[in-house]
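K.L.:
This is input-v5.txt, which holds compact mmCIF, C-alpha atoms and all ligand atoms:
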```
# COMPACT_ATOMS: atom_id res chain seq x y z
CA MET A 1 16.53 37.17 23.94
CA ARG A 2 15.09 36.81 20.48
CA HIS A 3 17.95 34.46 19.56
CA LEU A 4 17.30 32.43 22.65
CA ARG A 5 13.62 32.14 21.73
CA LEU A 6 14.55 31.00 18.22
CA ILE A 7 16.93 28.38 19.59
CA ILE A 8 14.25 27.09 21.98
CA LEU A 9 11.73 26.99 19.11
CA LEU A 10 14.13 25.01 16.96
CA LEU A 11 14.90 22.60 19.79
CA LEU A 12 11.21 22.02 20.40
CA THR A 13 10.37 21.44 16.76
CA PRO A 14 12.79 18.82 15.42
CA ASN A 15 10.38 18.12 12.55
CA LEU A 16 10.92 21.65 11.25
CA LEU A 17 14.65 21.06 11.21
CA SER A 18 14.41 17.74 9.43
CA ALA A 19 11.71 18.90 6.98
CA GLN A 20 13.45 18.78 3.67
CA LYS A 21 12.98 18.29 -0.02
CA ILE A 22 15.85 16.53 -1.74
CA ALA A 23 16.32 15.81 -5.45
CA LEU A 24 18.69 12.92 -6.17
CA GLN A 25 20.14 12.94 -9.65
CA ALA A 26 22.04 9.98 -11.15
CA LYS A 27 23.01 8.43 -14.47
CA SER A 28 20.38 5.72 -14.19
CA LEU A 29 17.79 4.21 -11.91
CA ILE A 30 16.98 0.52 -11.51
CA ASP A 31 13.60 1.07 -9.91
CA GLY A 32 12.92 -2.42 -8.51
CA THR A 33 10.01 -3.17 -10.86
CA GLY A 34 12.35 -4.44 -13.60
CA LYS A 35 12.62 -1.04 -15.32
CA VAL A 36 15.69 1.13 -15.96
CA VAL A 37 15.25 4.91 -16.12
CA SER A 38 18.01 7.03 -17.73
CA ASN A 39 19.07 10.37 -16.21
CA PRO A 40 16.50 10.22 -13.41
CA VAL A 41 15.85 12.68 -10.64
CA VAL A 42 14.16 11.19 -7.59
CA VAL A 43 12.39 13.84 -5.50
CA ILE A 44 12.09 13.14 -1.79
CA ASN A 45 9.95 15.09 0.66
CA ASN A 46 10.84 14.22 4.26
CA ASP A 47 10.66 10.40 4.42
CA LYS A 48 8.76 9.75 1.17
CA ILE A 49 9.49 9.59 -2.54
CA VAL A 50 7.18 12.11 -4.22
CA ALA A 51 8.32 11.95 -7.86
CA VAL A 52 10.62 10.22 -10.30
CA THR A 53 11.23 12.88 -12.91
CA THR A 54 13.88 14.70 -14.98
CA LYS A 55 16.19 17.59 -14.15
CA ALA A 56 13.92 20.08 -15.90
CA ASN A 57 11.17 19.32 -13.40
CA VAL A 58 13.11 19.55 -10.13
CA PRO A 59 11.07 21.62 -7.66
CA LYS A 60 12.67 24.98 -6.90
CA ASP A 61 12.67 24.40 -3.15
CA ALA A 62 14.51 21.05 -3.42
CA THR A 63 18.20 20.59 -2.62
CA LEU A 64 19.79 18.89 -5.62
CA ILE A 65 22.30 16.12 -4.92
CA ASP A 66 24.08 15.11 -8.11
CA LEU A 67 25.36 11.51 -7.87
CA GLY A 68 27.09 11.82 -11.27
CA ASP A 69 27.43 8.52 -13.11
CA PHE A 70 26.09 6.46 -10.20
CA THR A 71 23.20 4.00 -10.51
CA LEU A 72 20.33 4.46 -8.07
CA LEU A 73 18.34 1.50 -6.73
CA PRO A 74 15.77 0.82 -4.01
CA GLY A 75 17.32 -0.04 -0.63
CA LEU A 76 18.10 -3.76 -0.51
CA ILE A 77 16.07 -6.10 1.71
CA ASP A 78 17.72 -9.08 3.45
CA LEU A 79 15.13 -11.61 4.58
CA HIS A 80 17.46 -13.77 6.64
CA VAL A 81 19.77 -12.16 9.20
CA HIS A 82 20.90 -12.95 12.74
CA PRO A 83 22.25 -9.62 14.08
CA ASN A 84 22.84 -10.96 17.60
CA LEU A 85 25.11 -13.78 16.44
CA THR A 86 28.81 -13.56 15.77
CA THR A 87 30.76 -15.56 13.20
CA GLY A 88 32.39 -17.36 16.15
CA ASP A 89 29.12 -18.18 17.94
CA TYR A 90 28.26 -21.81 17.20
CA GLN A 91 25.48 -21.94 19.78
CA VAL A 92 27.45 -20.76 22.84
CA ASP A 93 27.75 -16.98 22.62
CA HIS A 94 24.40 -16.44 24.38
CA LEU A 95 25.81 -18.33 27.39
CA ARG A 96 28.63 -15.84 27.86
CA THR A 97 26.90 -12.66 26.63
CA SER A 98 24.01 -11.00 28.48
CA SER A 99 20.89 -9.96 26.62
CA ALA A 100 21.90 -6.31 27.18
CA ALA A 101 25.29 -6.94 25.58
CA LYS A 102 23.55 -8.78 22.74
CA ALA A 103 21.40 -5.69 22.14
CA LEU A 104 24.52 -3.54 21.78
CA LEU A 105 26.12 -6.09 19.45
CA GLY A 106 22.90 -6.35 17.44
CA LEU A 107 22.55 -2.59 17.12
CA LYS A 108 26.13 -2.29 15.85
CA ASN A 109 25.60 -5.13 13.34
CA LEU A 110 22.30 -3.64 12.15
CA GLN A 111 23.87 -0.22 11.62
CA ASP A 112 26.69 -1.86 9.61
CA ILE A 113 24.07 -3.77 7.58
CA LEU A 114 22.25 -0.49 6.84
CA ALA A 115 25.48 1.25 5.79
CA ALA A 116 26.13 -1.64 3.37
CA GLY A 117 22.85 -0.83 1.59
CA TRP A 118 20.32 -3.14 3.30
CA THR A 119 17.61 -0.74 4.42
CA THR A 120 15.25 -3.52 5.59
CA VAL A 121 15.94 -6.87 7.26
CA ARG A 122 13.97 -9.81 8.58
CA VAL A 123 15.51 -11.51 11.62
CA ALA A 124 15.30 -15.31 11.34
CA GLY A 125 15.39 -15.83 15.12
CA ASP A 126 18.46 -14.95 17.09
CA GLY A 127 20.98 -16.34 19.54
CA ASP A 128 19.78 -14.50 22.63
CA VAL A 129 18.03 -15.74 25.75
CA GLY A 130 15.77 -12.66 25.77
CA TYR A 131 14.26 -10.58 22.96
CA ALA A 132 17.12 -8.14 22.37
CA ASN A 133 16.63 -7.96 18.60
CA LEU A 134 12.99 -6.88 18.99
CA GLU A 135 13.88 -4.32 21.65
CA VAL A 136 16.56 -2.90 19.34
CA ARG A 137 13.91 -2.74 16.60
CA ASP A 138 11.55 -0.83 18.90
CA ALA A 139 14.30 1.63 19.91
CA ILE A 140 15.12 2.27 16.23
CA ASN A 141 11.42 2.72 15.41
CA LYS A 142 11.10 5.25 18.24
CA GLY A 143 13.94 7.24 16.64
CA MET A 144 16.43 6.63 19.46
CA PHE A 145 18.97 5.11 17.05
CA THR A 146 19.55 4.92 13.33
CA GLY A 147 19.05 1.49 11.84
CA PRO A 148 17.30 -0.48 9.11
CA ARG A 149 13.60 -1.39 9.13
CA ILE A 150 13.39 -4.61 11.12
CA TYR A 151 10.88 -7.44 10.99
CA GLY A 152 11.22 -10.95 12.28
CA ALA A 153 11.27 -13.47 15.08
CA GLY A 154 12.79 -13.37 18.55
CA HIS A 155 13.92 -17.01 18.47
CA TYR A 156 14.09 -20.06 16.29
CA LEU A 157 11.70 -22.73 17.56
CA SER A 158 13.36 -26.14 17.69
CA ALA A 159 12.48 -29.69 18.76
CA THR A 160 14.49 -31.35 21.55
CA GLY A 161 17.76 -32.48 19.94
CA GLY A 162 17.15 -30.13 16.98
CA GLY A 163 19.25 -27.37 15.47
CA GLY A 164 18.22 -24.86 18.16
CA ASP A 165 19.00 -27.22 21.06
CA ILE A 166 22.44 -27.73 22.59
CA ASN A 167 23.40 -31.31 21.82
CA PHE A 168 27.05 -31.45 22.83
CA LEU A 169 26.84 -31.25 26.64
CA SER A 170 26.39 -34.05 29.18
CA TYR A 171 22.95 -34.86 30.54
CA GLU A 172 23.72 -33.12 33.88
CA GLN A 173 24.27 -29.71 32.25
CA LYS A 174 20.99 -27.81 32.24
CA VAL A 175 21.74 -24.77 30.12
CA ILE A 176 19.40 -22.51 28.19
CA ALA A 177 19.63 -23.36 24.49
CA ASP A 178 19.98 -20.66 21.82
CA GLY A 179 16.66 -21.74 20.29
CA LEU A 180 13.30 -22.11 22.03
CA VAL A 181 13.05 -25.89 22.55
CA ILE A 182 9.53 -27.31 22.41
CA ASP A 183 7.81 -30.62 21.79
CA GLY A 184 4.24 -31.37 20.80
CA PRO A 185 1.47 -29.21 19.34
CA GLU A 186 0.45 -27.74 22.71
CA GLU A 187 3.97 -26.54 23.55
CA MET A 188 4.17 -25.22 20.02
CA ARG A 189 1.02 -23.17 20.50
CA LYS A 190 2.37 -21.72 23.72
CA ALA A 191 5.76 -20.93 22.16
CA VAL A 192 4.14 -19.15 19.21
CA ARG A 193 1.91 -17.14 21.55
CA THR A 194 4.94 -16.22 23.69
CA GLU A 195 7.00 -15.15 20.69
CA ILE A 196 4.20 -12.89 19.46
CA LYS A 197 3.51 -11.58 22.97
CA TYR A 198 7.09 -10.26 23.15
CA GLY A 199 6.99 -8.64 19.73
CA SER A 200 7.81 -11.20 17.01
CA ASP A 201 6.01 -10.32 13.78
CA TRP A 202 7.25 -13.55 12.16
CA VAL A 203 7.53 -17.02 13.64
CA LYS A 204 10.65 -19.02 12.79
CA LEU A 205 10.59 -22.83 12.86
CA LEU A 206 13.50 -25.23 12.54
CA VAL A 207 11.49 -27.95 10.80
CA THR A 208 14.55 -30.06 9.94
CA GLY A 209 18.03 -30.40 11.39
CA ALA A 210 20.62 -27.75 10.63
CA PHE A 211 24.13 -27.48 9.18
CA MET A 212 25.72 -25.24 11.80
CA SER A 213 24.74 -26.97 15.03
CA ALA A 214 26.48 -29.90 16.65
CA GLY A 215 24.75 -33.25 17.03
CA ASP A 216 21.81 -33.08 14.62
CA ASN A 217 21.28 -33.89 10.96
CA PRO A 218 19.79 -31.59 8.27
CA ASN A 219 18.44 -34.71 6.52
CA ASN A 220 16.12 -35.41 9.45
CA VAL A 221 12.65 -33.91 9.81
CA HIS A 222 12.33 -32.80 13.44
CA PHE A 223 8.87 -31.33 13.81
CA SER A 224 5.79 -33.45 13.07
CA ALA A 225 3.08 -32.26 10.68
CA GLU A 226 0.83 -31.66 13.73
CA GLU A 227 3.44 -29.42 15.36
CA VAL A 228 3.99 -27.33 12.22
CA LYS A 229 0.23 -27.07 11.63
CA ALA A 230 -0.26 -25.90 15.22
CA ALA A 231 2.40 -23.19 14.68
CA VAL A 232 0.84 -21.94 11.43
CA ASP A 233 -2.66 -22.05 12.95
CA GLU A 234 -1.67 -20.05 16.05
CA ALA A 235 0.43 -17.55 14.09
CA SER A 236 -2.10 -16.99 11.31
CA ARG A 237 -4.92 -16.30 13.79
CA ARG A 238 -2.76 -13.35 14.87
CA ASP A 239 -1.94 -12.47 11.24
CA VAL A 240 1.71 -13.43 11.75
CA PRO A 241 3.46 -15.34 8.94
CA VAL A 242 5.75 -18.33 9.47
CA MET A 243 9.22 -18.93 8.02
CA ALA A 244 10.44 -22.51 8.01
CA HIS A 245 14.06 -23.56 8.06
CA ALA A 246 13.99 -26.83 6.08
CA HIS A 247 16.79 -28.71 4.31
CA ALA A 248 15.30 -32.21 3.83
CA ALA A 249 12.76 -32.48 0.99
CA GLU A 250 10.18 -34.18 3.25
CA GLY A 251 10.49 -31.33 5.76
CA ILE A 252 9.96 -28.77 2.99
CA LYS A 253 6.80 -30.57 1.82
CA LEU A 254 5.42 -30.84 5.33
CA ALA A 255 5.99 -27.13 5.96
CA VAL A 256 4.58 -26.02 2.59
CA LYS A 257 1.45 -28.16 3.12
CA ALA A 258 1.00 -26.61 6.56
CA GLY A 259 0.98 -23.13 4.96
CA VAL A 260 4.29 -21.48 5.87
CA ARG A 261 5.11 -18.33 3.87
CA THR A 262 8.81 -18.97 3.18
CA ILE A 263 11.17 -21.94 3.09
CA GLU A 264 14.64 -21.05 4.36
CA HIS A 265 17.63 -22.90 2.80
CA GLY A 266 15.73 -25.73 1.06
CA SER A 267 19.07 -27.40 0.27
CA PHE A 268 17.82 -30.92 -0.51
CA ILE A 269 14.63 -29.88 -2.28
CA ASP A 270 13.23 -32.35 -4.84
CA GLU A 271 10.91 -31.84 -7.82
CA GLU A 272 7.82 -32.81 -5.88
CA ALA A 273 8.59 -30.14 -3.26
CA MET A 274 9.23 -27.59 -6.03
CA ASP A 275 5.85 -28.36 -7.64
CA LEU A 276 4.15 -28.07 -4.27
CA MET A 277 5.80 -24.68 -3.65
CA ILE A 278 4.70 -23.42 -7.07
CA GLN A 279 1.15 -24.65 -6.43
CA LYS A 280 0.95 -23.04 -2.97
CA GLY A 281 2.91 -19.88 -3.91
CA THR A 282 5.53 -20.46 -1.19
CA TRP A 283 8.79 -18.52 -1.53
CA LEU A 284 12.25 -20.13 -1.40
CA ILE A 285 15.20 -18.37 0.27
CA PRO A 286 18.29 -20.51 -0.27
CA THR A 287 20.97 -18.46 1.63
CA PHE A 288 24.06 -19.40 -0.41
CA CYS A 289 26.20 -16.81 1.40
CA VAL A 290 26.41 -18.74 4.64
CA HIS A 291 28.04 -21.63 2.77
CA THR A 292 30.43 -19.55 0.68
CA TYR A 293 31.48 -17.39 3.65
CA PHE A 294 32.40 -20.22 6.01
CA GLU A 295 34.15 -22.23 3.28
CA LYS A 296 36.86 -19.59 3.49
CA GLN A 297 37.06 -19.49 7.32
CA PRO A 298 39.56 -21.82 8.97
CA SER A 299 38.10 -23.24 12.20
CA VAL A 300 38.42 -26.23 14.48
CA ASP A 301 34.95 -25.78 15.95
CA PRO A 302 32.97 -29.07 15.78
CA ALA A 303 29.73 -27.38 14.60
CA LEU A 304 31.53 -25.60 11.78
CA GLN A 305 33.50 -28.73 10.89
CA LYS A 306 30.21 -30.63 10.59
CA SER A 307 28.70 -27.87 8.49
CA LEU A 308 31.69 -27.74 6.14
CA GLU A 309 31.71 -31.52 5.72
CA ILE A 310 28.00 -31.69 4.80
CA GLY A 311 28.49 -28.62 2.61
CA ARG A 312 31.33 -30.26 0.68
CA LYS A 313 29.28 -33.40 0.07
CA THR A 314 26.08 -31.63 -0.97
CA LYS A 315 27.21 -28.35 -2.55
CA GLU A 316 27.02 -29.54 -6.15
CA SER A 317 23.59 -31.11 -5.77
CA MET A 318 22.32 -28.02 -3.91
CA TYR A 319 23.31 -25.76 -6.82
CA THR A 320 21.76 -28.25 -9.29
CA ASN A 321 18.54 -28.24 -7.24
CA MET A 322 18.40 -24.45 -7.14
CA ARG A 323 19.07 -24.15 -10.89
CA LEU A 324 16.15 -26.50 -11.51
CA ALA A 325 13.94 -24.54 -9.08
CA VAL A 326 14.65 -21.31 -11.02
CA LYS A 327 13.93 -23.08 -14.32
CA LYS A 328 10.67 -24.56 -13.07
CA GLY A 329 9.43 -21.21 -11.79
CA VAL A 330 9.65 -21.57 -8.01
CA LYS A 331 9.31 -18.09 -6.49
CA PHE A 332 12.54 -16.85 -4.90
CA GLY A 333 13.01 -14.28 -2.17
CA LEU A 334 16.50 -13.37 -1.04
CA GLY A 335 18.29 -13.66 2.29
CA SER A 336 21.92 -14.06 3.20
CA ASP A 337 21.90 -15.74 6.66
CA ASN A 338 24.24 -12.98 7.87
CA VAL A 339 25.66 -14.09 11.22
CA GLY A 340 27.84 -11.05 11.80
CA TRP A 341 30.21 -11.13 8.81
CA PRO A 342 31.32 -7.88 7.10
CA ALA A 343 27.94 -6.56 5.94
CA SER A 344 28.96 -5.89 2.34
CA TYR A 345 29.52 -9.66 1.89
CA SER A 346 25.77 -10.33 1.96
CA ALA A 347 25.30 -8.86 -1.54
CA SER A 348 27.31 -11.76 -2.97
CA GLU A 349 23.97 -13.60 -2.61
CA LEU A 350 22.82 -11.75 -5.76
CA ALA A 351 25.85 -13.04 -7.68
CA GLU A 352 24.87 -16.57 -6.59
CA TYR A 353 21.39 -15.98 -8.05
CA VAL A 354 22.98 -15.04 -11.37
CA SER A 355 25.06 -18.25 -11.18
CA ILE A 356 21.86 -20.37 -10.88
CA GLY A 357 20.27 -18.85 -13.97
CA MET A 358 18.69 -15.53 -13.08
CA THR A 359 19.52 -12.31 -14.90
CA PRO A 360 21.09 -9.57 -12.74
CA MET A 361 17.76 -7.70 -13.04
CA GLN A 362 15.82 -10.72 -11.72
CA ALA A 363 18.23 -11.02 -8.78
CA ILE A 364 17.77 -7.30 -7.98
CA VAL A 365 13.97 -7.62 -8.16
CA CYS A 366 14.18 -10.56 -5.70
CA ALA A 367 16.19 -8.43 -3.23
CA THR A 368 13.82 -5.47 -3.50
CA LYS A 369 10.24 -5.72 -4.82
CA THR A 370 9.72 -9.44 -4.16
CA ASN A 371 11.18 -9.27 -0.67
CA ALA A 372 8.84 -6.37 0.11
CA GLU A 373 5.90 -8.53 -1.06
CA ILE A 374 7.04 -11.39 1.17
CA LEU A 375 7.07 -8.94 4.10
CA ARG A 376 3.62 -7.69 2.98
CA LYS A 377 5.11 -4.19 2.84
CA GLU A 378 4.91 -3.72 -0.94
CA THR A 379 2.95 -0.49 -0.59
CA GLU A 380 5.74 1.02 1.54
CA ILE A 381 9.12 -0.26 0.32
CA GLY A 382 10.87 -2.31 -2.36
CA THR A 383 10.61 0.01 -5.39
CA VAL A 384 11.45 3.60 -6.26
CA GLU A 385 7.97 4.98 -6.89
CA PRO A 386 5.99 7.97 -5.58
CA GLY A 387 4.39 7.23 -2.22
CA LYS A 388 7.06 4.76 -1.07
CA PHE A 389 9.45 5.42 1.79
CA ALA A 390 12.68 7.05 0.60
CA ASP A 391 14.96 4.03 1.06
CA LEU A 392 17.52 4.36 -1.73
CA ILE A 393 21.06 3.26 -2.48
CA ALA A 394 23.56 4.09 -5.22
CA VAL A 395 26.58 2.30 -6.66
CA LYS A 396 29.34 3.61 -8.86
CA GLY A 397 29.00 1.28 -11.85
CA ASP A 398 26.16 -0.65 -13.49
CA PRO A 399 25.05 -3.68 -11.44
CA LEU A 400 23.33 -5.08 -14.54
CA LYS A 401 26.82 -5.48 -16.06
CA ASP A 402 28.60 -6.39 -12.80
CA ILE A 403 26.33 -7.58 -10.01
CA SER A 404 29.22 -7.39 -7.53
CA GLU A 405 28.80 -3.58 -7.59
CA LEU A 406 26.16 -4.16 -4.92
CA GLN A 407 28.94 -5.23 -2.56
CA ARG A 408 30.33 -1.69 -2.89
CA VAL A 409 27.35 0.53 -2.07
CA LYS A 410 28.51 4.17 -1.92
CA PHE A 411 25.33 6.05 -1.07
CA VAL A 412 22.58 5.04 1.35
CA MET A 413 19.38 6.91 2.20
CA ALA A 414 16.91 5.43 4.69
CA ASN A 415 13.56 7.05 5.42
CA GLY A 416 14.77 10.18 3.58
CA LYS A 417 17.88 10.50 5.76
CA ILE A 418 21.33 10.24 4.19
CA ILE A 419 23.20 7.49 6.02
CA LYS A 420 26.26 7.27 3.77
CA ASN A 421 27.57 9.43 0.95
CA GLU A 422 30.96 8.32 -0.39
CA ARG A 423 31.90 9.81 -3.72
ZN ZN A 501 19.78 -18.65 9.67
```
Mind turning the file's structure into structure tokens?
P.N.:
Amino acid sequence: MRHLRLIILLLLTPNLLSAQKIALQAKSLIDGTGKVVSNPVVVINNDKIVAVTTKANVPKDATLIDLGDFTLLPGLIDLHVHPNLTTGDYQVDHLRTSSAAKALLGLKNLQDILAAGWTTVRVAGDGDVGYANLEVRDAINKGMFTGPRIYGAGHYLSATGGGGDINFLSYEQKVIADGLVIDGPEEMRKAVRTEIKYGSDWVKLLVTGAFMSAGDNPNNVHFSAEEVKAAVDEASRRDVPVMAHAHAAEGIKLAVKAGVRTIEHGSFIDEEAMDLMIQKGTWLIPTFCVHTYFEKQPSVDPALQKSLEIGRKTKESMYTNMRLAVKKGVKFGLGSDNVGWPASYSASELAEYVSIGMTPMQAIVCATKTNAEILRKETEIGTVEPGKFADLIAVKGDPLKDISELQRVKFVMANGKIIKNER
């Protein structure tokens, strides 16, 4: 009887069971602020970091986990993911996959992303008719499933004929596009209100054409200044920031002037747009990964063929532009544009940052502290400091010597819970 009572008590008090103090010991800590700490011990109480100390000061009631010669870092943050897409989507998967099936796919992709070391993501709109990615977020937040912290937009908002519209079917075919297709400031206001009503905490705009959609051109600016201003006005009155997909330089300028928080891709950025971004404090998220990943994928799909062709023609100038942007002091965040590839691939984005002139430390700060600032969550995540959520990863070697170590994350802790421990 007494045993039974104890079992019932334990079942009714899950917090008691999960209450724990852990001390993580490693060879070094890259804490996200730009500092390296040798022989650190990070003390975690439940879901929070309570101290960064040395072995001599480990609390007696803490369970010590010795990660040997591993390097500890803050959990990585990917500011551009599409968990409901697949690498074979190209704007049609939502037509053959229900929103419920998309939620299952998204949950699986998000759990893989977390296990690869990305403890927080921002969804840049998704290929789903409904709002599956936000419902998955809510289920994770309620503790029903394990997953990363999720912020972002339900859909990408596109003009008619834009990158979120379906431009390869005959006029008679009335299908629902993967993006939310809208025209004019009034429709924009309604779309923004609808997105926020169903849970988006970011608004995503396709200001210019895209690479990976059939029938439109990334050199064209699709939304007018009035439309983008209407989006920023509606979103900001609800304290929701706007991310703008923009390749063409004129589209970047229009979006920056309207007050968006981040520019996604920015491939054809010019010096005037860079100066404007510096002046307004807008962040640039170039997403190199999506180019490098698909370069290696053989496909006969027309959307991918178009993307590869533009990519081939513009790759060199894009890298030149990004090198100049780093040199001039444009602020960079980091996002991969993960569309369902093996999750560890996304960390090759940091190697790309090193290739355009950042130090490995600067690239790591972009993927941690800066990304947390962009999300306006800098008091909660992004660095390994007392008071922050215990989102930590560890790699075997030293990512300051070999940035590709971040593609081989061996240990993941999210919210104080060990998700992966491979040693
Ligand atoms: Zn994207």
K.L.:
Might you pull out every residue within 10 Å of Ala103 in chain A, with all atoms listed in the file counted and same-chain residues fewer than 4 positions away left off, and present them as a PDB file with C-alpha atoms, in the frame of the given file?
P.N.:
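Result file selection_0.pdb:
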```pdb
ATOM      1  CA  PRO A  83      22.250  -9.620  14.080  1.00  0.00           C
ATOM      2  CA  ASN A  84      22.840 -10.960  17.600  1.00  0.00           C
ATOM      3  CA  THR A  97      26.900 -12.660  26.630  1.00  0.00           C
ATOM      4  CA  SER A  98      24.010 -11.000  28.480  1.00  0.00           C
ATOM      5  CA  SER A  99      20.890  -9.960  26.620  1.00  0.00           C
ATOM      6  CA  LEU A 107      22.550  -2.590  17.120  1.00  0.00           C
ATOM      7  CA  LYS A 108      26.130  -2.290  15.850  1.00  0.00           C
ATOM      8  CA  ASN A 109      25.600  -5.130  13.340  1.00  0.00           C
ATOM      9  CA  ASP A 128      19.780 -14.500  22.630  1.00  0.00           C
ATOM     10  CA  GLY A 130      15.770 -12.660  25.770  1.00  0.00           C
ATOM     11  CA  TYR A 131      14.260 -10.580  22.960  1.00  0.00           C
ATOM     12  CA  ALA A 132      17.120  -8.140  22.370  1.00  0.00           C
ATOM     13  CA  ASN A 133      16.630  -7.960  18.600  1.00  0.00           C
ATOM     14  CA  LEU A 134      12.990  -6.880  18.990  1.00  0.00           C
ATOM     15  CA  GLU A 135      13.880  -4.320  21.650  1.00  0.00           C
ATOM     16  CA  VAL A 136      16.560  -2.900  19.340  1.00  0.00           C
ATOM     17  CA  ARG A 137      13.910  -2.740  16.600  1.00  0.00           C
TER      18      ARG A 137
END
```
K.L.:
Can you list, as an MDAnalysis selection string, every protein, DNA or RNA residue that comes within 12 Å of Tyr353 in chain A when you count all atoms listed in the file, leaving out same-chain residues fewer than 6 positions away?
P.N.:
chainID A and resid 285:289 319 322:323 325:326 332:336 347 359:367 403:404
K.L.:
Check every protein, DNA and RNA residue against ligand ZN 501 (chain A), keep those with an atom at most 8 Å away (counting only C-alpha atoms and all ligand atoms), and present them as a list of chain:residue names.
P.N.:
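The distance check yields A:His80, A:Val81, A:His82, A:Ala124, A:Gly125, A:His245, A:Glu264, A:Asp337, A:Asn338, A:Val339.
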K.L.:
Can you pull out every residue within 9 Å of Gly75 in chain A, counting all atoms listed in the file, but drop anything in the same chain fewer than 4 positions away, and send it as a PyMOL selection string?
P.N.:
chain A and resi 114+117-120+367-368+381-384+390-394+412-414
K.L.:
Met277 in chain A: which residues within 9 Å, counting only C-alpha atoms, same-chain residues fewer than 6 positions away excluded, as a list in words?
P.N.:
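The neighbour list is Ile252, Lys253, Val256, Lys257, Trp283, Leu284, Val330 and Lys331 of chain A.
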K.L.:
Between A:Lys417, A:Arg237, A:Lys60, A:Lys27, which is the closest to Pro40 in chain A once you count only C-alpha atoms?
P.N.:
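Of all the options, A:Lys27 lies closest to Pro40 in chain A.
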K.L.:
How many Å lie between CA of Ile418 in chain A and CA of Lys388 in chain A, rounded to one decimal?
P.N.:
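Computing it gives 16.2 Å between the two atoms.
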K.L.:
So the first atom is CA of Pro185 in chain A and the second is CA of Ala225 in chain A; what is the distance between them in Å, to one decimal place?
P.N.:
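Interatomic distance, CA of Pro185 in chain A to CA of Ala225 in chain A: 9.3 Å.
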K.L.:
Considering all atoms listed in the file, can you say which of A:Gly179, A:Gly215, A:Pro241, A:Gly152 comes closest to Ala303 in chain A?
P.N.:
A:Gly215
K.L.:
Rounded to one decimal in Å, what is the spacing between CA of Met144 in chain A and CA of Ile65 in chain A?
P.N.:
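For CA of Met144 in chain A relative to CA of Ile65 in chain A, the distance reads 26.8 Å.
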K.L.:
Considering all atoms listed in the file, return as an NGL selection string whatever protein or nucleic-acid residues lie within 8 Å of Asp270 in chain A, sequence-local ones (same chain, fewer than 4 positions apart) excluded.
P.N.:
:A and (249 or 274 or 321)
K.L.:
Using only C-alpha atoms, find the one residue out of A:Leu76, A:Val43, A:Val409, A:Ile196 that sits nearest to Thr63 in chain A.
P.N.:
A:Val43
K.L.:
Range 132-138 of chain A, all listed atoms, 4 Å padding on each side: what axis-aligned box centre and edge lengths in Å to one decimal come out, as lines of an AutoDock Vina configuration file?
P.N.:
```
center_x = 14.3
center_y = -4.5
center_z = 19.5
size_x = 13.6
size_y = 15.3
size_z = 13.8
```
K.L.:
Check the smallest atom-to-atom distance from each of A:Ile374, A:Leu67, A:Leu157, A:Ala210 to Ile310 in chain A using all atoms listed in the file, then report the winner.
P.N.:
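Checking each of A:Ile374, A:Leu67, A:Leu157, A:Ala210 against Ile310 in chain A, counting all atoms listed in the file, the winner is A:Ala210.
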K.L.:
Tell me which of A:Val240, A:Ala230, A:Ala372, A:Ile182 sits closest to Ala153 in chain A, counting all atoms listed in the file.
P.N.:
A:Val240
K.L.:
Nearest residue to Ile278 in chain A out of A:Val41, A:Lys327, A:Ala235, A:Val221, using all atoms listed in the file?
P.N.:
A:Lys327
